[in-house]
Amino acid sequence: MNVRKYIRSFGYAFEGIMTACKEQNFKSHLLSAGIVLFAGYFTGLSRLEWYIVLLLIALMFALEMVNTAIERVVDLASPKLHPLAKQAKDLAAGAVLVFAIFSAIIGLLIFIPKWF
């Protein structure tokens, strides 16, 4: 194993995270995560509930980054509008939406009983 390459790969990953942080959708996920973390702190979540919330937040960030990567690759491979390129981008965005909806449902199942 080349240690230099291995260490350098973390720099590239960090650059990817910084690139994602500039994206509008990622910023909205960051804001949502901040609100959830704030609410969780004042709601008094159990350790297991924190694990679930943090896992959902991390997966949401990762999935949004994969979606952005897919969009960039499709744009590079198919600069002109093409039905298959549109479908690929729509499918990736749809995956993010499905996960976001189910994350919100899980969040409500965790938070609502504690509030009422």
# chains A, B, ... in the order shown; residues from 1 in each chain; ligands from 1
$ residues_around --residues "region 103-112 of chain A" --least-positions-apart "3" --cutoff "8 Å" --atoms "only C-alpha atoms" --output "number ranges by chain"
A: 40, 43, 49, 53, 56, 99-100, 115-116
$ atom_distance --atom1 "CA of Ala95 (chain A)" --atom2 "CA of Glu15 (chain A)"
23.8 Å
$ closest_atom_pairs --of "region 78-114 of chain A" --to "region 63-74 of chain A" --cutoff "12 Å" --atoms "only C-alpha atoms" --output "tab-separated table"
residue	atom	partner	partner_atom	distance
A:Ser78	CA	A:Val74	CA	5.7
A:Pro79	CA	A:Val74	CA	7.8
A:Lys80	CA	A:Val74	CA	10.0
A:Leu81	CA	A:Val74	CA	10.1
A:His82	CA	A:Val74	CA	9.9
A:Pro83	CA	A:Val74	CA	11.4
A:Leu84	CA	A:Val74	CA	9.4
A:Ala85	CA	A:Val74	CA	6.0
A:Lys86	CA	A:Val74	CA	8.5
A:Gln87	CA	A:Val74	CA	10.1
A:Ala88	CA	A:Val74	CA	7.6
A:Lys89	CA	A:Glu71	CA	5.6
A:Asp90	CA	A:Glu71	CA	9.1
A:Leu91	CA	A:Asn67	CA	9.0
A:Ala92	CA	A:Asn67	CA	5.2
A:Ala93	CA	A:Asn67	CA	6.2
A:Gly94	CA	A:Asn67	CA	9.2
A:Ala95	CA	A:Leu63	CA	8.0
A:Val96	CA	A:Leu63	CA	6.2
A:Leu97	CA	A:Glu64	CA	9.5
A:Val98	CA	A:Leu63	CA	10.7
A:Phe99	CA	A:Leu63	CA	8.4
A:Ala100	CA	A:Leu63	CA	9.7
